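Visitor: The file below is protein-v9.pdb, PDB, C-alpha atoms and all ligand atoms:
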```
ATOM      1  CA  MET Z  52     -25.377  -6.692   3.282  1.00  0.00           C
ATOM      2  CA  ARG Z  53     -26.715  -4.353   5.925  1.00  0.00           C
ATOM      3  CA  ILE Z  54     -29.617  -6.566   7.022  1.00  0.00           C
ATOM      4  CA  CYS Z  55     -28.118  -9.914   7.813  1.00  0.00           C
ATOM      5  CA  LEU Z  56     -25.553  -9.005  10.478  1.00  0.00           C
ATOM      6  CA  PRO Z  57     -27.942  -8.950  13.482  1.00  0.00           C
ATOM      7  CA  ALA Z  58     -29.457 -12.241  12.327  1.00  0.00           C
ATOM      8  CA  TRP Z  59     -26.082 -13.947  12.592  1.00  0.00           C
ATOM      9  CA  ALA Z  60     -24.859 -12.143  15.675  1.00  0.00           C
ATOM     10  CA  HIS Z  61     -27.208 -14.195  17.862  1.00  0.00           C
ATOM     11  CA  SER Z  62     -25.313 -17.485  17.592  1.00  0.00           C
ATOM     12  CA  ALA Z  63     -22.690 -16.490  20.153  1.00  0.00           C
ATOM     13  CA  PHE Z  64     -25.412 -15.150  22.439  1.00  0.00           C
ATOM     14  CA  ALA Z  65     -27.343 -18.413  22.093  1.00  0.00           C
ATOM     15  CA  VAL Z  66     -24.354 -20.444  23.281  1.00  0.00           C
ATOM     16  CA  THR Z  67     -23.578 -18.286  26.294  1.00  0.00           C
ATOM     17  CA  ARG Z  68     -27.220 -17.819  27.327  1.00  0.00           C
ATOM     18  CA  LYS Z  69     -27.430 -21.114  29.197  1.00  0.00           C
ATOM     19  CA  GLU Z  70     -24.180 -20.447  31.009  1.00  0.00           C
ATOM     20  CA  VAL Z  71     -25.735 -17.257  32.386  1.00  0.00           C
ATOM     21  CA  GLY Z  72     -28.652 -19.336  33.632  1.00  0.00           C
ATOM     22  CA  ARG Z  73     -26.403 -21.890  35.280  1.00  0.00           C
ATOM     23  CA  ALA Z  74     -24.297 -19.238  36.935  1.00  0.00           C
ATOM     24  CA  GLY Z  75     -27.338 -17.524  38.435  1.00  0.00           C
ATOM     25  CA  ALA Z  76     -27.924 -19.035  41.876  1.00  0.00           C
ATOM     26  CA  SER Z  77     -31.690 -18.775  41.664  1.00  0.00           C
ATOM     27  CA  ALA Z  78     -32.115 -19.714  38.013  1.00  0.00           C
ATOM     28  CA  ALA Z  79     -34.692 -22.485  37.872  1.00  0.00           C
ATOM     29  CA  VAL Z  80     -35.018 -25.285  35.341  1.00  0.00           C
ATOM     30  CA  ALA Z  81     -38.139 -24.371  33.460  1.00  0.00           C
ATOM     31  CA  GLY Z  82     -41.351 -26.372  33.278  1.00  0.00           C
ATOM     32  CA  GLY Z  83     -40.477 -28.675  36.129  1.00  0.00           C
ATOM     33  CA  SER Z  84     -39.025 -31.063  33.536  1.00  0.00           C
ATOM     34  CA  VAL Z  85     -36.063 -33.318  34.183  1.00  0.00           C
ATOM     35  CA  ASP Z  86     -32.870 -31.367  33.546  1.00  0.00           C
ATOM     36  CA  LYS Z  87     -30.856 -32.958  30.772  1.00  0.00           C
ATOM     37  CA  PRO Z  88     -27.676 -30.912  30.363  1.00  0.00           C
ATOM     38  CA  GLU Z  89     -26.595 -30.487  26.772  1.00  0.00           C
ATOM     39  CA  THR Z  90     -23.454 -32.273  25.702  1.00  0.00           C
ATOM     40  CA  LEU Z  91     -20.723 -31.089  23.348  1.00  0.00           C
ATOM     41  CA  GLU Z  92     -21.918 -33.683  20.835  1.00  0.00           C
ATOM     42  CA  LYS Z  93     -25.469 -32.255  20.916  1.00  0.00           C
ATOM     43  CA  GLN Z  94     -24.206 -28.683  20.615  1.00  0.00           C
ATOM     44  CA  TRP Z  95     -21.998 -29.632  17.661  1.00  0.00           C
ATOM     45  CA  ARG Z  96     -24.937 -31.381  15.919  1.00  0.00           C
ATOM     46  CA  CYS Z  97     -27.021 -28.309  16.550  1.00  0.00           C
ATOM     47  CA  PHE Z  98     -24.315 -25.962  15.295  1.00  0.00           C
ATOM     48  CA  LYS Z  99     -23.926 -27.859  12.002  1.00  0.00           C
ATOM     49  CA  MET Z 100     -27.681 -27.702  11.372  1.00  0.00           C
ATOM     50  CA  LEU Z 101     -27.667 -23.984  12.211  1.00  0.00           C
ATOM     51  CA  LEU Z 102     -24.847 -23.335   9.750  1.00  0.00           C
ATOM     52  CA  PHE Z 103     -26.753 -25.168   7.015  1.00  0.00           C
ATOM     53  CA  ASN Z 104     -30.021 -23.355   7.763  1.00  0.00           C
ATOM     54  CA  HIS Z 105     -28.362 -19.955   8.001  1.00  0.00           C
ATOM     55  CA  PHE Z 106     -26.383 -20.193   4.774  1.00  0.00           C
ATOM     56  CA  CYS Z 107     -28.731 -22.250   2.601  1.00  0.00           C
ATOM     57  CA  ILE Z 108     -32.205 -21.197   3.815  1.00  0.00           C
ATOM     58  CA  GLN Z 109     -32.000 -17.942   5.789  1.00  0.00           C
ATOM     59  CA  LEU Z 110     -29.416 -16.190   3.612  1.00  0.00           C
ATOM     60  CA  PRO Z 111     -31.609 -16.342   0.475  1.00  0.00           C
ATOM     61  CA  MET Z 112     -34.585 -15.161   2.559  1.00  0.00           C
ATOM     62  CA  ILE Z 113     -32.519 -12.287   4.001  1.00  0.00           C
ATOM     63  CA  CYS Z 114     -31.393 -11.350   0.485  1.00  0.00           C
ATOM     64  CA  GLY Z 115     -35.081 -11.232  -0.439  1.00  0.00           C
ATOM     65  CA  THR Z 116     -35.604  -8.709   2.371  1.00  0.00           C
ATOM     66  CA  TYR Z 117     -32.767  -6.633   0.938  1.00  0.00           C
ATOM     67  CA  TYR Z 118     -34.483  -6.443  -2.445  1.00  0.00           C
ATOM     68  CA  PHE Z 119     -37.767  -5.644  -0.665  1.00  0.00           C
ATOM     69  CA  THR Z 120     -36.170  -2.613   1.038  1.00  0.00           C
ATOM     70  CA  GLU Z 121     -34.592  -1.497  -2.244  1.00  0.00           C
ATOM     71  CA  TYR Z 122     -37.851  -1.880  -4.194  1.00  0.00           C
ATOM     72  CA  PHE Z 123     -39.950   0.012  -1.634  1.00  0.00           C
ATOM     73  CA  ASN Z 124     -37.217   2.591  -0.956  1.00  0.00           C
ATOM     74  CA  ILE Z 125     -37.073   1.826   2.763  1.00  0.00           C
ATOM     75  CA  PRO Z 126     -34.854   4.570   4.270  1.00  0.00           C
ATOM     76  CA  TYR Z 127     -31.880   3.952   6.532  1.00  0.00           C
ATOM     77  CA  ASP Z 128     -30.706   7.505   7.246  1.00  0.00           C
ATOM     78  CA  TRP Z 129     -30.629   9.160  10.686  1.00  0.00           C
ATOM     79  CA  ASN Z 130     -33.130  11.956   9.899  1.00  0.00           C
ATOM     80  CA  SER Z 131     -35.996   9.705   8.871  1.00  0.00           C
ATOM     81  CA  MET Z 132     -35.517   7.321  11.807  1.00  0.00           C
ATOM     82  CA  PRO Z 133     -38.845   6.770  13.604  1.00  0.00           C
ATOM     83  CA  LYS Z 134     -39.267   7.527  17.314  1.00  0.00           C
ATOM     84  CA  TRP Z 135     -38.480   4.717  19.770  1.00  0.00           C
ATOM     85  CA  TYR Z 136     -42.129   4.250  20.785  1.00  0.00           C
ATOM     86  CA  LYS Z 137     -43.140   3.776  17.124  1.00  0.00           C
ATOM     87  CA  ILE Z 138     -40.451   1.107  16.689  1.00  0.00           C
ATOM     88  CA  PHE Z 139     -41.642  -0.507  19.932  1.00  0.00           C
ATOM     89  CA  ALA Z 140     -45.288  -0.514  18.742  1.00  0.00           C
ATOM     90  CA  GLU Z 141     -44.282  -1.914  15.338  1.00  0.00           C
ATOM     91  CA  CYS Z 142     -42.242  -4.700  16.964  1.00  0.00           C
ATOM     92  CA  LEU Z 143     -45.224  -5.528  19.174  1.00  0.00           C
ATOM     93  CA  GLY Z 144     -47.458  -5.649  16.084  1.00  0.00           C
ATOM     94  CA  CYS Z 145     -44.946  -7.960  14.376  1.00  0.00           C
ATOM     95  CA  ALA Z 146     -44.810 -10.202  17.467  1.00  0.00           C
ATOM     96  CA  ILE Z 147     -48.623 -10.499  17.531  1.00  0.00           C
ATOM     97  CA  ILE Z 148     -48.724 -11.411  13.826  1.00  0.00           C
ATOM     98  CA  GLU Z 149     -45.808 -13.856  14.123  1.00  0.00           C
ATOM     99  CA  ASP Z 150     -47.280 -15.459  17.236  1.00  0.00           C
ATOM    100  CA  THR Z 151     -50.627 -16.037  15.499  1.00  0.00           C
ATOM    101  CA  TRP Z 152     -48.955 -17.511  12.411  1.00  0.00           C
ATOM    102  CA  HIS Z 153     -46.693 -19.636  14.591  1.00  0.00           C
ATOM    103  CA  TYR Z 154     -49.558 -20.968  16.723  1.00  0.00           C
ATOM    104  CA  PHE Z 155     -51.649 -22.292  13.824  1.00  0.00           C
ATOM    105  CA  LEU Z 156     -48.809 -23.490  11.579  1.00  0.00           C
ATOM    106  CA  HIS Z 157     -46.928 -25.048  14.491  1.00  0.00           C
ATOM    107  CA  ARG Z 158     -50.111 -26.854  15.551  1.00  0.00           C
ATOM    108  CA  LEU Z 159     -50.541 -28.055  11.963  1.00  0.00           C
ATOM    109  CA  LEU Z 160     -46.937 -29.335  11.915  1.00  0.00           C
ATOM    110  CA  HIS Z 161     -47.878 -31.484  14.918  1.00  0.00           C
ATOM    111  CA  HIS Z 162     -50.615 -33.244  12.906  1.00  0.00           C
ATOM    112  CA  LYS Z 163     -49.864 -36.948  13.110  1.00  0.00           C
ATOM    113  CA  ARG Z 164     -49.762 -37.312   9.316  1.00  0.00           C
ATOM    114  CA  ILE Z 165     -46.997 -34.747   8.787  1.00  0.00           C
ATOM    115  CA  TYR Z 166     -45.204 -34.483  12.144  1.00  0.00           C
ATOM    116  CA  LYS Z 167     -42.542 -37.090  11.355  1.00  0.00           C
ATOM    117  CA  TYR Z 168     -41.569 -35.443   8.040  1.00  0.00           C
ATOM    118  CA  ILE Z 169     -40.777 -31.926   9.292  1.00  0.00           C
ATOM    119  CA  HIS Z 170     -41.324 -30.885  12.906  1.00  0.00           C
ATOM    120  CA  LYS Z 171     -39.865 -34.041  14.494  1.00  0.00           C
ATOM    121  CA  VAL Z 172     -36.389 -32.580  13.926  1.00  0.00           C
ATOM    122  CA  HIS Z 173     -37.049 -29.621  16.248  1.00  0.00           C
ATOM    123  CA  HIS Z 174     -38.306 -32.029  18.912  1.00  0.00           C
ATOM    124  CA  GLU Z 175     -35.144 -34.148  18.935  1.00  0.00           C
ATOM    125  CA  PHE Z 176     -34.252 -32.448  22.211  1.00  0.00           C
ATOM    126  CA  THR Z 177     -36.800 -32.884  25.017  1.00  0.00           C
ATOM    127  CA  ALA Z 178     -34.911 -30.419  27.222  1.00  0.00           C
ATOM    128  CA  PRO Z 179     -33.994 -27.572  24.866  1.00  0.00           C
ATOM    129  CA  PHE Z 180     -31.090 -25.152  25.123  1.00  0.00           C
ATOM    130  CA  GLY Z 181     -30.591 -21.684  23.637  1.00  0.00           C
ATOM    131  CA  MET Z 182     -28.820 -22.653  20.425  1.00  0.00           C
ATOM    132  CA  GLN Z 183     -31.558 -25.189  19.700  1.00  0.00           C
ATOM    133  CA  ALA Z 184     -34.049 -22.352  19.094  1.00  0.00           C
ATOM    134  CA  GLU Z 185     -33.307 -22.567  15.378  1.00  0.00           C
ATOM    135  CA  TYR Z 186     -32.612 -26.298  15.199  1.00  0.00           C
ATOM    136  CA  ALA Z 187     -35.298 -27.262  12.729  1.00  0.00           C
ATOM    137  CA  HIS Z 188     -35.956 -28.960   9.407  1.00  0.00           C
ATOM    138  CA  PRO Z 189     -35.231 -26.535   6.508  1.00  0.00           C
ATOM    139  CA  ALA Z 190     -38.913 -26.722   5.496  1.00  0.00           C
ATOM    140  CA  GLU Z 191     -39.904 -25.622   9.012  1.00  0.00           C
ATOM    141  CA  THR Z 192     -37.452 -22.708   8.843  1.00  0.00           C
ATOM    142  CA  ILE Z 193     -39.340 -21.528   5.750  1.00  0.00           C
ATOM    143  CA  ILE Z 194     -42.895 -22.353   6.945  1.00  0.00           C
ATOM    144  CA  LEU Z 195     -42.625 -20.763  10.392  1.00  0.00           C
ATOM    145  CA  GLY Z 196     -40.195 -18.098   9.103  1.00  0.00           C
ATOM    146  CA  ILE Z 197     -42.946 -16.642   6.891  1.00  0.00           C
ATOM    147  CA  GLY Z 198     -44.656 -15.383  10.066  1.00  0.00           C
ATOM    148  CA  PHE Z 199     -41.539 -13.331  10.807  1.00  0.00           C
ATOM    149  CA  PHE Z 200     -41.630 -11.640   7.397  1.00  0.00           C
ATOM    150  CA  ILE Z 201     -45.364 -10.773   7.326  1.00  0.00           C
ATOM    151  CA  GLY Z 202     -44.857  -8.055   9.960  1.00  0.00           C
ATOM    152  CA  ILE Z 203     -41.959  -6.620   7.959  1.00  0.00           C
ATOM    153  CA  VAL Z 204     -44.147  -6.315   4.872  1.00  0.00           C
ATOM    154  CA  VAL Z 205     -46.906  -4.646   6.933  1.00  0.00           C
ATOM    155  CA  PHE Z 206     -44.874  -2.250   9.128  1.00  0.00           C
ATOM    156  CA  CYS Z 207     -41.446  -1.655   7.607  1.00  0.00           C
ATOM    157  CA  ASP Z 208     -40.798   2.101   7.346  1.00  0.00           C
ATOM    158  CA  HIS Z 209     -37.087   2.241   8.230  1.00  0.00           C
ATOM    159  CA  MET Z 210     -34.087  -0.066   8.363  1.00  0.00           C
ATOM    160  CA  ILE Z 211     -33.760   0.460  12.127  1.00  0.00           C
ATOM    161  CA  PHE Z 212     -37.175  -1.182  12.611  1.00  0.00           C
ATOM    162  CA  LEU Z 213     -35.984  -4.221  10.663  1.00  0.00           C
ATOM    163  CA  TRP Z 214     -32.929  -4.563  12.903  1.00  0.00           C
ATOM    164  CA  ALA Z 215     -35.015  -4.037  16.052  1.00  0.00           C
ATOM    165  CA  TRP Z 216     -37.509  -6.727  15.021  1.00  0.00           C
ATOM    166  CA  VAL Z 217     -34.719  -9.223  14.215  1.00  0.00           C
ATOM    167  CA  ILE Z 218     -33.172  -8.624  17.666  1.00  0.00           C
ATOM    168  CA  VAL Z 219     -36.527  -8.843  19.512  1.00  0.00           C
ATOM    169  CA  ARG Z 220     -37.527 -12.074  17.769  1.00  0.00           C
ATOM    170  CA  LEU Z 221     -34.135 -13.735  18.322  1.00  0.00           C
ATOM    171  CA  MET Z 222     -34.000 -12.734  21.982  1.00  0.00           C
ATOM    172  CA  GLU Z 223     -37.505 -14.114  22.490  1.00  0.00           C
ATOM    173  CA  THR Z 224     -36.899 -17.456  20.769  1.00  0.00           C
ATOM    174  CA  ILE Z 225     -33.554 -18.019  22.525  1.00  0.00           C
ATOM    175  CA  ASP Z 226     -35.131 -17.128  25.875  1.00  0.00           C
ATOM    176  CA  VAL Z 227     -38.014 -19.603  25.496  1.00  0.00           C
ATOM    177  CA  HIS Z 228     -35.585 -22.364  24.441  1.00  0.00           C
ATOM    178  CA  SER Z 229     -32.965 -21.586  27.081  1.00  0.00           C
ATOM    179  CA  GLY Z 230     -34.404 -24.050  29.580  1.00  0.00           C
ATOM    180  CA  TYR Z 231     -34.087 -21.492  32.386  1.00  0.00           C
ATOM    181  CA  ASP Z 232     -36.824 -19.366  33.889  1.00  0.00           C
ATOM    182  CA  ILE Z 233     -34.552 -16.592  35.096  1.00  0.00           C
ATOM    183  CA  PRO Z 234     -35.874 -14.383  37.934  1.00  0.00           C
ATOM    184  CA  LEU Z 235     -36.349 -10.686  37.075  1.00  0.00           C
ATOM    185  CA  ASN Z 236     -36.293 -11.507  33.364  1.00  0.00           C
ATOM    186  CA  PRO Z 237     -37.524  -8.186  31.857  1.00  0.00           C
ATOM    187  CA  LEU Z 238     -39.346 -10.076  29.089  1.00  0.00           C
ATOM    188  CA  HIS Z 239     -41.829 -11.241  31.736  1.00  0.00           C
ATOM    189  CA  LEU Z 240     -42.971  -7.633  32.140  1.00  0.00           C
ATOM    190  CA  ILE Z 241     -44.748  -8.096  28.798  1.00  0.00           C
ATOM    191  CA  PRO Z 242     -48.358  -9.175  29.475  1.00  0.00           C
ATOM    192  CA  PHE Z 243     -49.131 -12.740  28.341  1.00  0.00           C
ATOM    193  CA  TYR Z 244     -45.435 -13.453  27.608  1.00  0.00           C
ATOM    194  CA  ALA Z 245     -44.990 -17.247  27.350  1.00  0.00           C
ATOM    195  CA  GLY Z 246     -41.361 -17.728  28.421  1.00  0.00           C
ATOM    196  CA  ALA Z 247     -39.113 -20.734  28.975  1.00  0.00           C
ATOM    197  CA  ARG Z 248     -41.395 -22.579  31.400  1.00  0.00           C
ATOM    198  CA  PHE Z 249     -44.204 -22.526  28.831  1.00  0.00           C
ATOM    199  CA  HIS Z 250     -42.177 -23.720  25.843  1.00  0.00           C
ATOM    200  CA  ASP Z 251     -40.071 -26.166  27.815  1.00  0.00           C
ATOM    201  CA  PHE Z 252     -43.291 -27.967  28.615  1.00  0.00           C
ATOM    202  CA  HIS Z 253     -44.081 -28.197  24.879  1.00  0.00           C
ATOM    203  CA  HIS Z 254     -40.753 -29.949  24.283  1.00  0.00           C
ATOM    204  CA  MET Z 255     -41.403 -32.302  27.190  1.00  0.00           C
ATOM    205  CA  ASN Z 256     -45.062 -33.080  26.441  1.00  0.00           C
ATOM    206  CA  PHE Z 257     -45.282 -32.600  22.612  1.00  0.00           C
ATOM    207  CA  ILE Z 258     -48.988 -31.675  22.895  1.00  0.00           C
ATOM    208  CA  GLY Z 259     -50.170 -28.130  23.704  1.00  0.00           C
ATOM    209  CA  ASN Z 260     -48.411 -24.774  24.211  1.00  0.00           C
ATOM    210  CA  TYR Z 261     -48.016 -24.175  20.475  1.00  0.00           C
ATOM    211  CA  ALA Z 262     -47.595 -20.377  20.502  1.00  0.00           C
ATOM    212  CA  SER Z 263     -44.183 -18.767  20.236  1.00  0.00           C
ATOM    213  CA  THR Z 264     -44.419 -15.534  22.241  1.00  0.00           C
ATOM    214  CA  PHE Z 265     -47.783 -15.074  23.961  1.00  0.00           C
ATOM    215  CA  THR Z 266     -50.101 -17.391  25.845  1.00  0.00           C
ATOM    216  CA  TRP Z 267     -53.468 -16.100  24.617  1.00  0.00           C
ATOM    217  CA  TRP Z 268     -54.030 -18.460  21.636  1.00  0.00           C
ATOM    218  CA  ASP Z 269     -53.347 -21.513  23.803  1.00  0.00           C
ATOM    219  CA  LYS Z 270     -55.609 -20.087  26.527  1.00  0.00           C
ATOM    220  CA  LEU Z 271     -58.384 -19.248  24.069  1.00  0.00           C
ATOM    221  CA  LEU Z 272     -58.324 -22.619  22.292  1.00  0.00           C
ATOM    222  CA  GLY Z 273     -57.653 -24.683  25.413  1.00  0.00           C
ATOM    223  CA  THR Z 274     -54.330 -26.117  24.266  1.00  0.00           C
ATOM    224  CA  ASP Z 275     -52.633 -25.102  27.515  1.00  0.00           C
ATOM    225  CA  SER Z 276     -54.730 -27.495  29.664  1.00  0.00           C
ATOM    226  CA  PHE Z 277     -51.964 -30.122  30.000  1.00  0.00           C
ATOM    227  CA  PHE Z 278     -49.509 -27.402  30.975  1.00  0.00           C
ATOM    228  CA  ASN Z 279     -51.853 -25.915  33.588  1.00  0.00           C
ATOM    229  CA  ALA Z 280     -52.512 -29.346  35.120  1.00  0.00           C
ATOM    230  CA  HIS Z 281     -48.782 -30.153  35.168  1.00  0.00           C
ATOM    231  CA  TYR Z 282     -47.819 -26.781  36.606  1.00  0.00           C
ATOM    232  CA  LYS Z 283     -50.450 -27.135  39.346  1.00  0.00           C
ATOM    233  CA  LYS Z 284     -48.951 -30.505  40.315  1.00  0.00           C
ATOM    234  CA  VAL Z 285     -45.410 -29.073  40.345  1.00  0.00           C
ATOM    235  CA  LYS Z 286     -46.523 -26.190  42.580  1.00  0.00           C
ATOM    236  CA  GLU Z 287     -48.340 -28.541  44.962  1.00  0.00           C
ATOM    237  CA  ALA Z 288     -45.244 -30.753  45.180  1.00  0.00           C
ATOM    238  CA  GLU Z 289     -43.066 -27.707  45.890  1.00  0.00           C
ATOM    239  CA  GLU Z 290     -45.451 -26.538  48.624  1.00  0.00           C
ATOM    240  CA  LYS Z 291     -45.426 -30.006  50.224  1.00  0.00           C
ATOM    241  CA  LYS Z 292     -41.625 -29.974  50.247  1.00  0.00           C
ATOM    242  CA  GLU Z 293     -41.566 -26.595  51.972  1.00  0.00           C
ATOM    243  CA  LYS Z 294     -43.886 -27.789  54.785  1.00  0.00           C
TER     244      LYS Z 294
HETATM  245 ZN    ZN B   1     -39.115 -25.252  20.392  1.00  0.00          ZN
HETATM  246 ZN    ZN B   2     -43.601 -28.453  18.420  1.00  0.00          ZN
END
```
Now that the file is in, can you turn its structure into structure tokens?

Guide:
Amino acid sequence: MRICLPAWAHSAFAVTRKEVGRAGASAAVAGGSVDKPETLEKQWRCFKMLLFNHFCIQLPMICGTYYFTEYFNIPYDWNSMPKWYKIFAECLGCAIIEDTWHYFLHRLLHHKRIYKYIHKVHHEFTAPFGMQAEYAHPAETIILGIGFFIGIVVFCDHMIFLWAWVIVRLMETIDVHSGYDIPLNPLHLIPFYAGARFHDFHHMNFIGNYASTFTWWDKLLGTDSFFNAHYKKVKEAEEKKEK
């Protein structure tokens, strides 16, 4: 199965990601939230849920992608590989589509009538860590996962693009759940990139900051107001300390 390998390769990265943050002297706990270090028990609970989701939910979805590439004759040979800038543009297009889907569906999952049935699982941890990026109810894996596949249906012209998009999306979701706003993080070179500080606040506050990758939907619809007010307070407190 040539598609699924990158999707599973991230688990080891997700575990070590936080250690990198801890080791970095200037790595800051994101969002100004109270740091609650993950325990072995929490990581084990997370790992079991990940195994279930990967084998029982994601594997069938990945197999579906395989049949999609077979049906539409998506090439995987060297000669027909698109240029790097085309892959980059396609991944950006996918991220914009996924982010839009994620914003509205994620916001819907927070509706008080349905929150407790599905999305509550992902919010079990108020201070998330890398591996928790995919800790979610199986129904949420499917609902929010659809946003990931829409871009593939729209842009897929080569297997390399599929692999690139899987890697980009996993790196992004692990980064925003890592709990560390690492200095010189290259992902912050992307305009409107949300990052760990932004999503950490969502896990702490439950309301607002619903987007996955970019900040524009929250800005446009005013759902980042709590975050802005909180961040202003944190900055003021930091400035007072420095004086
Ligand atoms: Zn989250
Ligand atoms: Zn949420």

Visitor: Counting only C-alpha atoms and all ligand atoms, which residues in chain Z sit no more than 9 Å from ligand ZN 2 (chain B)? For each one, give the nearest pair of atoms and the distance in Å, sorted by chain then residue number, as a Markdown table.

Guide:
```
| residue | atom | partner | partner_atom | distance |
| --- | --- | --- | --- | --- |
| Z:His157 | CA | B:ZN2 | ZN | 6.2 |
| Z:Arg158 | CA | B:ZN2 | ZN | 7.3 |
| Z:Leu160 | CA | B:ZN2 | ZN | 7.4 |
| Z:His161 | CA | B:ZN2 | ZN | 6.3 |
| Z:Tyr166 | CA | B:ZN2 | ZN | 8.8 |
| Z:His170 | CA | B:ZN2 | ZN | 6.4 |
| Z:Lys171 | CA | B:ZN2 | ZN | 7.8 |
| Z:His173 | CA | B:ZN2 | ZN | 7.0 |
| Z:His174 | CA | B:ZN2 | ZN | 6.4 |
| Z:His250 | CA | B:ZN2 | ZN | 8.9 |
| Z:His253 | CA | B:ZN2 | ZN | 6.5 |
| Z:His254 | CA | B:ZN2 | ZN | 6.7 |
| Z:Phe257 | CA | B:ZN2 | ZN | 6.1 |
| Z:Ile258 | CA | B:ZN2 | ZN | 7.7 |
| Z:Gly259 | CA | B:ZN2 | ZN | 8.4 |
| Z:Asn260 | CA | B:ZN2 | ZN | 8.4 |
| Z:Tyr261 | CA | B:ZN2 | ZN | 6.5 |
```

Visitor: What is the CA of Pro179 in chain Z to CA of Pro111 in chain Z distance in Å?

Guide: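 Straight-line distance from CA of Pro179 in chain Z to CA of Pro111 in chain Z works out to 27.0 Å.
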
Visitor: Please provide as a list in words all residues within 10 Å of range 267-276 of chain Z, with the sequence filter that same-chain residues fewer than 4 positions apart are discarded (counting all atoms listed in the file).

Guide: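 What passes the distance filter is Asp150, Thr151, Tyr154, Phe155, Arg158, Pro242, Phe243, Tyr244, Ala245, Phe249, Phe252, His253, Ile258, Gly259, Asn260, Tyr261, Ala262, Ser263, Ala280, His281 and Tyr282 of chain Z.
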
Visitor: With distances taken over all atoms listed in the file, which of Z:Cys97, Z:Ile165, Z:Ala247, Z:Cys107 is nearest to ligand ZN 1 (chain B)?

Guide: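 Under the stated criterion, the closest residue is Z:Ala247.
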
Visitor: So the first atom is CA of Thr120 in chain Z and the second is CA of Leu101 in chain Z; what is the distance between them in Å, to one decimal place?

Guide: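 For CA of Thr120 in chain Z relative to CA of Leu101 in chain Z, the distance reads 25.6 Å.
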
Visitor: Restricting the calculation to all atoms listed in the file: of Z:His105, Z:Lys284, Z:Lys137, Z:His228, which residue gets closest to Gly181 in chain Z?

Guide: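 Among the listed residues, Z:His228 lies closest to Gly181 in chain Z.
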
Visitor: Of the candidates Z:Phe200, Z:Tyr231, Z:Phe98, Z:Trp216, which shows the shortest atom-to-atom distance to Cys142 in chain Z, using all atoms listed in the file?

Guide: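 Among Z:Phe200, Z:Tyr231, Z:Phe98, Z:Trp216, it is Z:Trp216 that comes nearest to Cys142 in chain Z.
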
Visitor: Let me know the residues the PyMOL selection byres (((chain Z and resi 207-215) around 12) and not hetatm) catches in the file above, as JSON, numbers by chain.

Guide: {"Z": [53, 54, 55, 56, 57, 58, 59, 60, 113, 116, 117, 119, 120, 121, 123, 124, 125, 126, 127, 128, 129, 130, 131, 132, 133, 134, 135, 136, 137, 138, 139, 140, 141, 142, 143, 144, 145, 146, 199, 200, 201, 202, 203, 204, 205, 206, 216, 217, 218, 219, 220, 221, 222]}

Visitor: What separation in Å, quoted to one decimal, exists between CA of Glu89 in chain Z and CA of Met182 in chain Z?

Guide: 10.3 Å

Visitor: Ranking Z:Met100, Z:Ala288, Z:Ile225, Z:Ala190 by minimum distance to ligand ZN 1 (chain B) and counting all atoms listed in the file, which one comes first?

Guide: Z:Ile225

Visitor: Which residue gives the smallest distance to ligand ZN 1 (chain B) among Z:Ala187, Z:Ile169, Z:Leu238, Z:Ile193, with only C-alpha atoms and all ligand atoms counted?

Guide: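 Going through Z:Ala187, Z:Ile169, Z:Leu238, Z:Ile193 one by one, the smallest distance to ligand ZN 1 (chain B) is for Z:Ala187.
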
Visitor: Measuring atom to atom with only C-alpha atoms and all ligand atoms, identify which of Z:Phe265, Z:Glu287, Z:Lys292, Z:Met255 is nearest to ligand ZN 1 (chain B).

Guide: Z:Met255

Visitor: Enclose the full set of atoms of range 227-235 of chain Z listed in the file within a box whose edges lie along x, y and z, apply 5 Å of padding to each of the six sides, and report centre and edge lengths in Å to one decimal as AutoDock Vina command-line options.

Guide:
```
--center_x -35.5 --center_y -17.4 --center_z 31.2 --size_x 15.0 --size_y 23.4 --size_z 23.5
```

Visitor: What would range 171-179 of chain Z look like with N, CA and C atoms in place, written as an mmCIF file, in the coordinates of the input?

Guide:
```cif
data_model
loop_
_atom_site.group_PDB
_atom_site.id
_atom_site.type_symbol
_atom_site.label_atom_id
_atom_site.label_comp_id
_atom_site.auth_asym_id
_atom_site.auth_seq_id
_atom_site.Cartn_x
_atom_site.Cartn_y
_atom_site.Cartn_z
ATOM 1 N N LYS Z 171 -40.528 -33.077 13.597
ATOM 2 C CA LYS Z 171 -39.865 -34.041 14.494
ATOM 3 C C LYS Z 171 -38.412 -33.616 14.771
ATOM 4 N N VAL Z 172 -37.791 -33.007 13.784
ATOM 5 C CA VAL Z 172 -36.389 -32.580 13.926
ATOM 6 C C VAL Z 172 -36.245 -31.609 15.095
ATOM 7 N N HIS Z 173 -37.130 -30.626 15.173
ATOM 8 C CA HIS Z 173 -37.049 -29.621 16.248
ATOM 9 C C HIS Z 173 -37.279 -30.259 17.621
ATOM 10 N N HIS Z 174 -37.991 -31.377 17.644
ATOM 11 C CA HIS Z 174 -38.306 -32.029 18.912
ATOM 12 C C HIS Z 174 -37.306 -33.121 19.298
ATOM 13 N N GLU Z 175 -36.174 -33.154 18.591
ATOM 14 C CA GLU Z 175 -35.144 -34.148 18.935
ATOM 15 C C GLU Z 175 -34.674 -33.976 20.370
ATOM 16 N N PHE Z 176 -34.701 -32.733 20.845
ATOM 17 C CA PHE Z 176 -34.252 -32.448 22.211
ATOM 18 C C PHE Z 176 -35.471 -32.196 23.098
ATOM 19 N N THR Z 177 -35.645 -33.058 24.126
ATOM 20 C CA THR Z 177 -36.800 -32.884 25.017
ATOM 21 C C THR Z 177 -36.531 -31.834 26.088
ATOM 22 N N ALA Z 178 -35.259 -31.516 26.315
ATOM 23 C CA ALA Z 178 -34.911 -30.419 27.222
ATOM 24 C C ALA Z 178 -34.070 -29.431 26.421
ATOM 25 N N PRO Z 179 -34.721 -28.441 25.798
ATOM 26 C CA PRO Z 179 -33.994 -27.572 24.866
ATOM 27 C C PRO Z 179 -32.970 -26.652 25.521
#
```
